[in-house]
Every structure is written in structure tokens, then in C-alpha cells.
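Chemist: My structure file model12.txt, compact mmCIF, C-alpha atoms, is below:
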```txt
# COMPACT_ATOMS: atom_id res chain seq x y z
CA MET A 1 18.80 13.30 2.86
CA SER A 2 20.54 14.44 -0.29
CA LEU A 3 18.80 13.86 -3.58
CA HIS A 4 22.02 14.07 -5.57
CA ARG A 5 22.86 10.92 -7.57
CA GLY A 6 26.42 11.27 -8.82
CA LYS A 7 26.24 13.90 -11.53
CA LYS A 8 22.47 14.31 -11.47
CA TYR A 9 19.73 14.94 -8.92
CA PHE A 10 16.96 12.40 -8.35
CA GLU A 11 14.42 14.51 -10.22
CA THR A 12 16.67 14.41 -13.30
CA SER A 13 17.64 10.74 -13.03
CA VAL A 14 14.01 9.63 -12.85
CA ILE A 15 13.46 11.13 -16.30
CA HIS A 16 16.74 10.39 -18.07
CA ASP A 17 18.74 7.50 -16.59
CA GLY A 18 18.89 4.15 -18.33
CA TYR A 19 17.94 5.38 -21.79
CA ASP A 20 19.74 7.33 -24.51
CA THR A 21 17.64 8.66 -27.37
CA LYS A 22 20.61 8.31 -29.73
CA ASP A 23 20.45 4.53 -29.35
CA MET A 24 16.88 4.38 -30.65
CA LEU A 25 16.75 6.59 -33.76
CA GLY A 26 16.21 9.70 -31.63
CA SER A 27 12.94 8.51 -30.12
CA LEU A 28 12.28 10.68 -27.07
CA THR A 29 10.27 7.91 -25.40
CA PRO A 30 11.76 4.40 -25.12
CA PRO A 31 10.16 2.17 -27.75
CA ILE A 32 8.12 -0.87 -26.74
CA PHE A 33 10.00 -3.91 -28.03
CA GLN A 34 6.96 -6.16 -28.27
CA THR A 35 8.82 -9.26 -29.39
CA SER A 36 9.23 -12.71 -27.93
CA THR A 37 12.54 -13.59 -29.59
CA TYR A 38 15.50 -12.10 -31.47
CA THR A 39 17.31 -13.14 -34.64
CA PHE A 40 21.02 -13.84 -34.97
CA LYS A 41 23.17 -12.86 -37.95
CA THR A 42 24.87 -16.23 -37.89
CA ALA A 43 24.67 -19.53 -36.04
CA GLU A 44 28.01 -18.66 -34.45
CA GLN A 45 26.56 -15.44 -33.04
CA GLY A 46 23.71 -17.40 -31.51
CA GLU A 47 26.22 -19.78 -29.94
CA ALA A 48 28.26 -16.88 -28.55
CA ARG A 49 25.24 -15.20 -27.00
CA PHE A 50 23.97 -18.37 -25.37
CA ALA A 51 27.46 -18.99 -24.02
CA GLY A 52 27.57 -15.48 -22.56
CA GLU A 53 30.55 -14.55 -24.73
CA GLU A 54 28.72 -11.79 -26.64
CA GLU A 55 26.26 -9.23 -25.35
CA GLY A 56 22.87 -9.09 -27.00
CA TYR A 57 19.31 -10.26 -26.71
CA VAL A 58 18.28 -13.89 -27.13
CA TYR A 59 14.70 -14.32 -25.88
CA SER A 60 12.45 -11.88 -24.04
CA ARG A 61 12.18 -14.00 -20.90
CA LEU A 62 15.94 -13.48 -20.61
CA GLY A 63 16.09 -9.83 -21.63
CA ASN A 64 14.29 -7.09 -23.55
CA PRO A 65 15.43 -3.54 -24.46
CA THR A 66 12.38 -1.84 -22.94
CA VAL A 67 12.75 -3.85 -19.74
CA SER A 68 16.48 -3.10 -19.66
CA ALA A 69 15.80 0.64 -19.69
CA LEU A 70 13.47 0.25 -16.71
CA GLN A 71 15.97 -1.89 -14.81
CA LYS A 72 18.79 0.60 -15.34
CA ARG A 73 16.61 3.47 -14.19
CA ILE A 74 15.41 1.88 -10.95
CA ALA A 75 19.00 0.83 -10.15
CA ALA A 76 20.10 4.46 -10.52
CA LEU A 77 17.25 5.74 -8.35
CA GLU A 78 17.96 3.27 -5.53
CA ASN A 79 21.71 3.80 -5.93
CA GLY A 80 22.26 0.10 -6.60
CA GLU A 81 24.42 -1.80 -9.03
CA ARG A 82 21.68 -3.63 -10.91
CA GLY A 83 17.90 -3.78 -11.13
CA LEU A 84 15.55 -6.57 -12.17
CA ALA A 85 11.91 -6.23 -13.22
CA PHE A 86 9.17 -8.80 -12.56
CA GLY A 87 5.53 -9.38 -13.43
CA SER A 88 4.35 -8.50 -9.90
CA GLY A 89 5.63 -7.42 -6.53
CA MET A 90 5.16 -10.96 -5.23
CA ALA A 91 7.13 -12.36 -8.17
CA ALA A 92 9.99 -10.07 -7.14
CA ILE A 93 9.75 -10.99 -3.45
CA SER A 94 9.49 -14.73 -4.10
CA ALA A 95 12.43 -14.67 -6.52
CA VAL A 96 14.64 -12.98 -3.94
CA LEU A 97 13.62 -15.21 -1.03
CA ILE A 98 13.97 -18.39 -3.10
CA ALA A 99 17.42 -17.25 -4.25
CA LEU A 100 18.57 -16.56 -0.70
CA THR A 101 17.27 -19.72 0.97
CA LYS A 102 17.42 -23.50 0.85
CA ALA A 103 15.51 -26.19 2.73
CA ASN A 104 15.69 -25.92 6.55
CA ASP A 105 16.88 -22.29 6.52
CA HIS A 106 15.43 -19.51 8.67
CA ILE A 107 14.20 -15.98 7.84
CA LEU A 108 13.93 -13.22 10.44
CA CYS A 109 11.10 -10.83 9.57
CA SER A 110 9.81 -7.50 10.77
CA SER A 111 6.77 -7.71 13.03
CA GLY A 112 4.29 -7.01 10.25
CA LEU A 113 4.18 -8.07 6.62
CA TYR A 114 1.95 -7.77 3.59
CA GLY A 115 -0.56 -10.61 3.67
CA CYS A 116 0.74 -12.35 0.52
CA THR A 117 4.33 -12.17 1.80
CA PHE A 118 3.05 -13.87 4.95
CA GLY A 119 1.36 -16.46 2.74
CA LEU A 120 4.59 -17.07 0.81
CA LEU A 121 6.52 -17.61 4.04
CA THR A 122 3.86 -20.04 5.25
CA MET A 123 4.14 -22.01 1.99
CA MET A 124 7.94 -22.08 2.22
CA LYS A 125 7.67 -23.44 5.75
CA GLU A 126 5.16 -26.13 4.78
CA LYS A 127 7.02 -27.28 1.67
CA TYR A 128 10.68 -26.78 2.52
CA ASN A 129 10.82 -26.30 6.29
CA ILE A 130 12.13 -22.77 5.83
CA THR A 131 11.07 -21.29 9.15
CA HIS A 132 10.54 -17.66 10.08
CA ASP A 133 10.28 -15.52 13.19
CA PHE A 134 8.85 -12.07 13.66
CA SER A 135 10.67 -9.31 15.50
CA GLU A 136 9.84 -5.75 16.51
CA MET A 137 13.49 -5.00 15.66
CA ALA A 138 13.46 -2.29 18.30
CA THR A 139 17.01 -2.93 19.56
CA LYS A 140 20.19 -4.61 18.39
CA GLU A 141 19.96 -7.04 21.29
CA GLU A 142 16.48 -8.18 20.26
CA ILE A 143 17.62 -8.84 16.69
CA LYS A 144 20.75 -10.69 17.81
CA SER A 145 18.71 -12.91 20.14
CA LEU A 146 16.57 -14.15 17.23
CA ILE A 147 19.35 -14.87 14.74
CA LYS A 148 20.04 -18.58 14.37
CA PRO A 149 22.91 -20.47 12.70
CA GLU A 150 20.52 -21.26 9.82
CA THR A 151 19.25 -17.66 9.40
CA ALA A 152 19.63 -16.95 5.68
CA CYS A 153 18.34 -13.38 5.55
CA ILE A 154 16.53 -10.62 7.39
CA TYR A 155 13.36 -9.39 5.67
CA VAL A 156 12.00 -5.96 6.59
CA GLU A 157 9.02 -3.85 5.65
CA THR A 158 9.27 -0.21 6.64
CA PRO A 159 6.82 1.45 6.86
CA ILE A 160 5.09 -1.81 7.77
CA ASN A 161 1.87 -2.57 5.93
CA PRO A 162 -0.65 -1.54 7.25
CA THR A 163 0.36 -0.33 10.73
CA MET A 164 2.91 2.19 9.39
CA LYS A 165 5.42 1.17 12.05
CA LEU A 166 9.03 2.03 11.16
CA ILE A 167 12.18 -0.06 11.48
CA ASP A 168 15.62 1.55 11.89
CA LEU A 169 17.31 0.15 8.78
CA GLN A 170 20.80 1.34 9.62
CA MET A 171 20.62 -0.44 12.98
CA VAL A 172 19.34 -3.68 11.39
CA ALA A 173 22.06 -3.54 8.73
CA GLU A 174 24.77 -3.11 11.35
CA VAL A 175 23.63 -6.23 13.21
CA ALA A 176 23.23 -8.23 10.00
CA LYS A 177 26.71 -7.39 8.77
CA ALA A 178 28.21 -8.68 12.02
CA PHE A 179 26.58 -12.04 11.24
CA ASP A 180 27.18 -11.82 7.46
CA ILE A 181 23.43 -12.03 6.77
CA PRO A 182 21.82 -10.08 3.89
CA VAL A 183 19.02 -7.61 4.62
CA VAL A 184 16.09 -7.42 2.20
CA VAL A 185 13.81 -4.37 2.43
CA ASP A 186 10.35 -3.93 0.95
CA ASN A 187 10.48 -0.22 0.05
CA THR A 188 7.05 -0.08 -1.61
CA PHE A 189 5.44 2.39 0.80
CA SER A 190 8.23 4.96 0.42
CA SER A 191 9.55 4.64 -3.13
CA PRO A 192 13.20 5.58 -3.72
CA TYR A 193 12.21 9.24 -3.63
CA LEU A 194 11.53 9.09 0.12
CA GLN A 195 13.82 6.28 1.30
CA ARG A 196 16.83 4.41 -0.10
CA PRO A 197 17.68 1.34 2.01
CA LEU A 198 20.88 0.49 0.14
CA GLU A 199 22.36 3.80 1.24
CA LEU A 200 21.58 2.78 4.83
CA GLY A 201 23.60 -0.42 4.57
CA CYS A 202 20.94 -2.90 3.43
CA ASP A 203 21.59 -5.37 0.62
CA VAL A 204 18.45 -5.84 -1.49
CA VAL A 205 15.44 -3.61 -2.14
CA VAL A 206 12.12 -4.90 -3.45
CA HIS A 207 9.13 -2.92 -4.70
CA SER A 208 5.62 -3.62 -5.69
CA ALA A 209 6.01 -1.22 -8.61
CA THR A 210 2.23 -1.42 -9.01
CA LYS A 211 2.05 1.23 -6.30
CA TYR A 212 3.89 4.57 -6.23
CA ILE A 213 6.41 3.81 -8.96
CA GLY A 214 3.69 3.10 -11.52
CA GLY A 215 1.38 5.56 -9.84
CA HIS A 216 -1.64 5.31 -12.12
CA GLY A 217 -3.36 2.04 -11.25
CA ASP A 218 -2.81 0.56 -14.69
CA VAL A 219 0.06 -1.92 -14.24
CA VAL A 220 1.04 -4.81 -11.95
CA ALA A 221 4.81 -5.20 -11.57
CA GLY A 222 7.72 -5.76 -9.20
CA LEU A 223 11.29 -4.46 -9.02
CA VAL A 224 14.45 -5.58 -7.24
CA VAL A 225 17.70 -3.64 -6.78
CA GLY A 226 20.98 -4.76 -5.26
CA LYS A 227 24.53 -5.88 -5.95
CA LYS A 228 25.25 -6.95 -9.52
CA THR A 229 26.71 -10.31 -8.50
CA PHE A 230 23.60 -11.31 -6.57
CA LEU A 231 21.11 -10.06 -9.15
CA ASP A 232 23.05 -11.69 -11.98
CA SER A 233 22.52 -14.98 -10.18
CA VAL A 234 18.82 -14.23 -9.63
CA ALA A 235 18.39 -13.35 -13.30
CA MET A 236 19.90 -16.64 -14.41
CA THR A 237 18.10 -18.82 -11.85
CA THR A 238 14.86 -17.84 -10.14
CA GLN A 239 13.87 -15.20 -12.69
CA LYS A 240 14.76 -17.25 -15.76
CA ASP A 241 13.57 -20.63 -14.53
CA VAL A 242 10.50 -19.66 -12.48
CA GLY A 243 9.66 -17.09 -15.14
CA GLY A 244 7.86 -14.27 -13.34
CA ILE A 245 8.95 -11.71 -15.91
CA ILE A 246 7.43 -8.35 -16.82
CA SER A 247 6.00 -7.63 -20.27
CA PRO A 248 7.60 -4.90 -22.44
CA PHE A 249 4.40 -2.86 -22.38
CA ASP A 250 4.18 -2.96 -18.58
CA ALA A 251 7.85 -1.95 -18.38
CA TRP A 252 7.05 0.99 -20.66
CA LEU A 253 4.14 2.00 -18.43
CA LEU A 254 6.47 2.07 -15.41
CA ILE A 255 9.05 4.16 -17.24
CA ARG A 256 6.31 6.62 -18.12
CA GLY A 257 4.90 6.67 -14.59
CA MET A 258 8.27 7.09 -12.92
CA LYS A 259 8.92 10.41 -14.65
CA THR A 260 6.45 12.16 -12.36
CA LEU A 261 7.35 10.21 -9.18
CA PRO A 262 8.88 13.14 -7.24
CA ILE A 263 6.01 15.47 -8.06
CA ARG A 264 3.39 12.86 -7.20
CA MET A 265 5.07 11.82 -3.96
CA ASP A 266 5.24 15.40 -2.71
CA ARG A 267 1.53 15.85 -3.43
CA HIS A 268 0.67 12.52 -1.74
CA CYS A 269 2.64 13.65 1.32
CA ASP A 270 1.11 17.13 1.37
CA ASN A 271 -2.39 15.70 1.27
CA ALA A 272 -1.67 13.00 3.83
CA GLU A 273 -0.32 15.51 6.33
CA LYS A 274 -3.53 17.55 6.06
CA ILE A 275 -5.77 14.47 6.44
CA VAL A 276 -3.81 13.22 9.47
CA GLU A 277 -4.48 16.42 11.36
CA LYS A 278 -8.19 16.23 10.56
CA LEU A 279 -8.44 12.56 11.57
CA LYS A 280 -6.66 13.18 14.87
CA ALA A 281 -9.23 15.81 15.78
CA HIS A 282 -12.33 13.75 14.93
CA PRO A 283 -14.18 12.17 17.89
CA LYS A 284 -14.97 8.94 15.99
CA VAL A 285 -11.26 8.23 15.38
CA ALA A 286 -9.46 6.39 18.17
CA ASN A 287 -5.89 6.26 16.82
CA VAL A 288 -4.00 7.56 13.80
CA TYR A 289 -0.78 5.94 12.52
CA TYR A 290 1.40 8.04 10.24
CA PRO A 291 5.23 8.27 10.19
CA ASN A 292 5.39 12.06 9.90
CA ASP A 293 3.24 12.64 12.99
CA GLU A 294 5.57 14.21 15.56
CA ASN A 295 3.67 12.37 18.31
CA ASN A 296 4.38 9.01 16.67
CA PRO A 297 7.06 7.14 18.67
CA ASP A 298 8.76 6.24 15.38
CA TYR A 299 9.06 9.88 14.29
CA PRO A 300 12.82 10.00 15.08
CA ILE A 301 13.34 7.06 12.69
CA ARG A 302 11.34 8.88 10.02
CA LYS A 303 13.60 11.91 10.43
CA LYS A 304 16.66 9.68 10.19
CA GLN A 305 15.86 7.64 7.08
CA MET A 306 12.84 9.03 5.24
CA LYS A 307 12.52 12.33 3.38
CA ARG A 308 8.81 12.59 4.25
CA GLY A 309 6.04 10.39 5.66
CA SER A 310 4.58 9.07 2.36
CA GLY A 311 0.90 8.95 1.42
CA VAL A 312 -0.53 6.05 3.45
CA ILE A 313 -2.38 6.57 6.72
CA SER A 314 -3.86 3.92 8.98
CA PHE A 315 -6.41 4.76 11.62
CA GLU A 316 -8.65 2.97 14.08
CA ILE A 317 -12.22 4.06 14.56
CA GLN A 318 -14.33 3.99 17.71
CA GLY A 319 -16.16 0.74 17.07
CA GLU A 320 -15.74 -2.75 15.65
CA LYS A 321 -15.54 -4.47 12.26
CA GLU A 322 -19.12 -3.65 11.33
CA ASP A 323 -18.50 0.02 12.03
CA ALA A 324 -15.35 0.00 9.91
CA GLN A 325 -17.27 -1.55 7.03
CA LYS A 326 -20.11 0.92 7.51
CA LEU A 327 -17.63 3.77 7.21
CA LEU A 328 -16.34 2.42 3.90
CA ASN A 329 -19.87 1.89 2.60
CA GLN A 330 -20.86 5.51 3.34
CA LEU A 331 -18.14 7.05 1.19
CA ASN A 332 -19.19 8.85 -1.97
CA PHE A 333 -16.19 9.26 -4.29
CA LEU A 334 -13.31 7.69 -2.35
CA LYS A 335 -12.77 4.20 -3.74
CA ILE A 336 -12.97 0.99 -1.71
CA ALA A 337 -10.00 -0.88 -3.16
CA VAL A 338 -6.78 -2.57 -2.17
CA SER A 339 -3.47 -1.31 -3.56
CA LEU A 340 -2.10 2.17 -2.97
CA GLY A 341 -0.12 4.94 -4.59
CA ASP A 342 -2.68 5.75 -7.29
CA ALA A 343 -3.92 9.20 -8.25
CA GLU A 344 -7.25 8.19 -6.73
CA THR A 345 -7.65 7.95 -2.95
CA LEU A 346 -8.15 4.29 -2.02
CA ILE A 347 -9.45 2.91 1.26
CA GLN A 348 -9.65 -0.65 2.53
CA HIS A 349 -10.17 -2.86 5.61
CA PRO A 350 -6.92 -4.84 6.11
CA ALA A 351 -8.34 -7.48 8.48
CA THR A 352 -10.78 -8.73 5.84
CA MET A 353 -8.93 -7.72 2.67
CA THR A 354 -5.14 -7.44 2.25
CA HIS A 355 -4.37 -9.40 5.44
CA ALA A 356 -7.31 -11.81 5.44
CA VAL A 357 -4.89 -14.71 4.85
CA VAL A 358 -3.13 -13.99 8.16
CA PRO A 359 -4.55 -16.03 11.08
CA GLU A 360 -6.38 -13.86 13.60
CA VAL A 361 -3.88 -14.42 16.40
CA SER A 362 -0.95 -13.43 14.19
CA ARG A 363 -2.90 -10.54 12.72
CA LEU A 364 -3.67 -9.08 16.13
CA GLU A 365 -0.04 -9.52 17.17
CA MET A 366 0.87 -7.45 14.13
CA GLY A 367 -1.46 -4.70 15.36
CA ILE A 368 -4.12 -5.24 12.71
CA SER A 369 -7.40 -4.96 14.58
CA ASP A 370 -10.90 -5.27 13.14
CA ARG A 371 -11.35 -1.52 13.52
CA LEU A 372 -8.20 -0.59 11.58
CA ILE A 373 -8.61 1.14 8.22
CA ARG A 374 -5.87 1.84 5.67
CA LEU A 375 -6.13 4.98 3.58
CA SER A 376 -3.96 5.63 0.53
CA VAL A 377 -4.28 9.37 0.07
CA GLY A 378 -4.48 10.32 -3.60
CA LEU A 379 -3.78 13.44 -5.63
CA GLU A 380 -7.21 15.03 -5.40
CA ALA A 381 -7.80 18.28 -3.50
CA TRP A 382 -7.30 17.36 0.15
CA GLN A 383 -10.43 19.33 1.08
CA ASP A 384 -12.56 16.98 -1.06
CA ILE A 385 -10.88 13.91 0.40
CA TRP A 386 -11.59 15.12 3.91
CA ALA A 387 -15.16 16.15 3.15
CA ASP A 388 -15.98 12.60 2.04
CA LEU A 389 -14.22 11.03 5.02
CA GLU A 390 -15.81 13.45 7.45
CA GLN A 391 -19.37 12.81 6.32
CA ALA A 392 -18.80 9.06 6.56
CA LEU A 393 -17.29 9.37 10.06
CA ASN A 394 -20.16 11.60 11.17
CA ASN A 395 -22.67 8.94 10.10
CA LEU A 396 -21.15 6.17 12.24
```
Take the structure I supplied and represent it as C-alpha cells, if you would.

Modeler:
Amino acid sequence: MSLHRGKKYFETSVIHDGYDTKDMLGSLTPPIFQTSTYTFKTAEQGEARFAGEEEGYVYSRLGNPTVSALQKRIAALENGERGLAFGSGMAAISAVLIALTKANDHILCSSGLYGCTFGLLTMMKEKYNITHDFSEMATKEEIKSLIKPETACIYVETPINPTMKLIDLQMVAEVAKAFDIPVVVDNTFSSPYLQRPLELGCDVVVHSATKYIGGHGDVVAGLVVGKKTFLDSVAMTTQKDVGGIISPFDAWLLIRGMKTLPIRMDRHCDNAEKIVEKLKAHPKVANVYYPNDENNPDYPIRKKQMKRGSGVISFEIQGEKEDAQKLLNQLNFLKIAVSLGDAETLIQHPATMTHAVVPEVSRLEMGISDRLIRLSVGLEAWQDIWADLEQALNNL
């Protein structure tokens, strides 16, 4: 997968795109425009801006220079026409799904979803009769069989949280285009450094930018990238009117964090690959799920659409829920916490934490057992990460 983005490589774009120092008095770092509103030179200028006849800022819920720099940069990295920034990953996801659907529509989803996305879909069904089905999306025929006349979009996580199952995005996009249905992809677990769904034929990319894009555990945010026409409509409807916007300071934090994204992602992947091999060899570990494992049945998809396997590993221990919790409680410096993509290694129990909202029957169908553990491998020395995990496993 080429990293070249037009005239610049990814590693250059992530530092420079979307911001020109000459526009801001030579400031190397984008300034934080911590303002709620903007003044007009004349009443006529205010009228022109509100009418969309003149470019310029009006009110920070509708646009902000710091936020604009972030949006331009993520659009360049995902190779999309426009980006939008939100106050959380769920604000981004909900804005997109609300924009794409109306009452009585249908959404076809990948077989596993983040717990809050599942909760959003449940709420949309209860309030607006927007139904959803889950699909393994293993073949074109399977996907076609689940598409209905009222299907408004296909929503995919890949890798799926927390089972790390992969979906062939190019295959899904080919089916969707035949039915003229947009494909939305949650690309949080990969970041644009490892996977770019728009280049594979998909239509919209969403991120919980809280994770790898921010990378430092100090910001909650969401990002969306896609066609300009669609995102213009989202900006003027669900973003403007529902109001899940990002603050200028949080946008600045993401711009800062993104500069080291390629370096961090390579280190996350290096460490994860080492930990996977150790987990696979430990007698207290029953199964290990990681996209870059050559024994993983989804490995061919990883080779096809991902640069590397990312930094999240899921594994099942020999035991039950109490044993999984005991393992977490025996750790010394690894942190029991939800989220992922931070410099610190984070570990959590999906069945009782991130996916606790999912009913047990649905959760088990997704492959989330009581003995499943999700590990977000951090940037520490992999030997220290393993030493802490090993002692905890040995004490089960």
C-alpha cells in the first residue's frame, strides 16, 4: 500500500497539510482560536456570510480556524474531499447515521460493533423504527441477501471491536455500489496510516480520534471524512443543529498528536507482534485474535487492505469471567481502562465494560465471551509489557 499522497508522502502530510504558517503571522504551530464568535466589518458582510455568498467565520459552532486546519489534515490523510471534526467519536457516528437515514429505513452492519454504536442503533430502532441487521460479510452473496429496499447504508467496523475480525472493504464496496448504497467505515482501530477505506471504494470514514489519532489519552473527539457534497450537508444539518462540535483546544491537541502518528503506529505494531507470539505460547491463553497473525483466517484480508496489524490484541484465557477479572487485578503497571491507542498499555474486559450494553445473546453472537480480554499495546518496552502480563497469567 503506497503512502504517497499526491505530491507528498503520508509522513509529510501528517505534519504539514491543512495549515500554512504564512497565514498566521509565521506561527509554526497552528494557533488556538479560543473564541465563540467573530466580528463583521459591516452589516452587509454579516449578511453575505450568513447567506453563504462570502467565505469567512461566523460562529464557532459553524466553523473555527483551528478546527478547519484539523479537518483539512484528516481529509488529506484519508484521501477524501472534506473532513469534519466532532466532540466525540459517537458524535461523529451519530451525525453520519442520522444524516443517512430517515424513519423506517434499514442499516446493514458488520457482525460486531462498539457497544455505544450498538446502543445508538437500538435507540434509532426504538424511536424511529430504523432497523438493523448484522452480517459476517464473508461473501458478496451473503451481503446481497440482507440488503432490503429500505437499506440506507452499510456500516462496517474493521478490525471489529473487540474480536479483531476483518471485513473485506473492497468486496463490500463493490456490492454496495451495485445497489447505490453508501458504505460507512469505522477506521478507529487502524488509523489512516494503516488503512484508508475511501481508497478501497467506501464512501465515508469515521474515527474516534480519542484513540490513535490523538494518541496521548488527553482528548475526546471524533472525525469524519468523505465526499464534499455529503459532508457539506452534514455540516449544515446534523453537525450544526445537533451541535456535537469539537472545541478549538481539543482540535489543537489532535493536530499536535497527529504529527507523530506514523512513528507511534509502527511502535504499537512492533510491540503487538511481540506480545502476540508470547500470548500464543502461554498455557493459560486459549485463543489469540490479531490481524497480523499468519494463522488468523483473516490474514489475507489484512495483507490486502492494511499496512500492518495495528496495536490491539484480543485473547481468551483458560477460565471464566472471574478468572479474566483476576488477571486484570493482578497486573502491576498495565492500566485497567477502556479506550485504546494511548502511549500507556491499556487492558479491559469487554463483556462487562465496553460492550456491557449489548445483551448477552447478541454479545455471544458477536464472539465476545466472558473470558475475552482486549489489550491495547502501548509504547513501553515490549519486554516490560510481557513481564507484567506473564506474571498475572502465571497467577491464574

Chemist: Select, from A:Cys116, A:Leu62, A:Ile246, A:Val14, the residue with the minimum atom-to-atom distance to Thr354 (chain A), counting all atoms listed in the file.

Modeler: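 The answer is A:Cys116, which sits nearest to Thr354 (chain A).
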
Chemist: Between A:Leu70, A:Leu279, A:Leu166, A:Ala91, which residue has the minimum interatomic distance to Ser208 (chain A), considering only C-alpha atoms?

Modeler: A:Ala91

Chemist: Fewer than 6 positions away in the same chain doesn't count, so skip those; otherwise give me all residues within 9 Å of Ile373 (chain A), counting all atoms listed in the file, as a PyMOL selection string.

Modeler: chain A and resi 162+313-317+324+328+347-351

Chemist: Looking at A:Arg302, A:Leu253, A:Gly80, A:Ile154, which one is nearest to Pro31 (chain A), with distances taken over all atoms listed in the file?

Modeler: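 Closest candidate: A:Leu253.
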
Chemist: List the spatial neighbours of region 127-142 of chain A as a PyMOL selection string - criterion: any atom at most 9 Å away, all atoms listed in the file, same-chain residues fewer than 4 positions off excluded.

Modeler: chain A and resi 101-112+121-123+146+151+167-168+171-172+174-175

Chemist: As an exercise, work out the distance from CA of Gln318 (chain A) to CA of Arg371 (chain A) in Å and give it to one decimal place.

Modeler: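 Interatomic distance, CA of Gln318 (chain A) to CA of Arg371 (chain A): 7.5 Å.
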
Chemist: Provide an axis-aligned box for all listed atoms of region 53-67 of chain A, padding each side by 6 Å; report its centre and its edge lengths in Å to one decimal, as lines of an AutoDock Vina configuration file.

Modeler:
```
center_x = 21.4
center_y = -8.2
center_z = -23.4
size_x = 30.4
size_y = 24.7
size_z = 19.4
```

Chemist: If I take CA of His216 (chain A) and CA of Thr117 (chain A), how far is one from the other in Å, to one decimal?

Modeler: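 We find that CA of His216 (chain A) and CA of Thr117 (chain A) lie 23.1 Å from each other.
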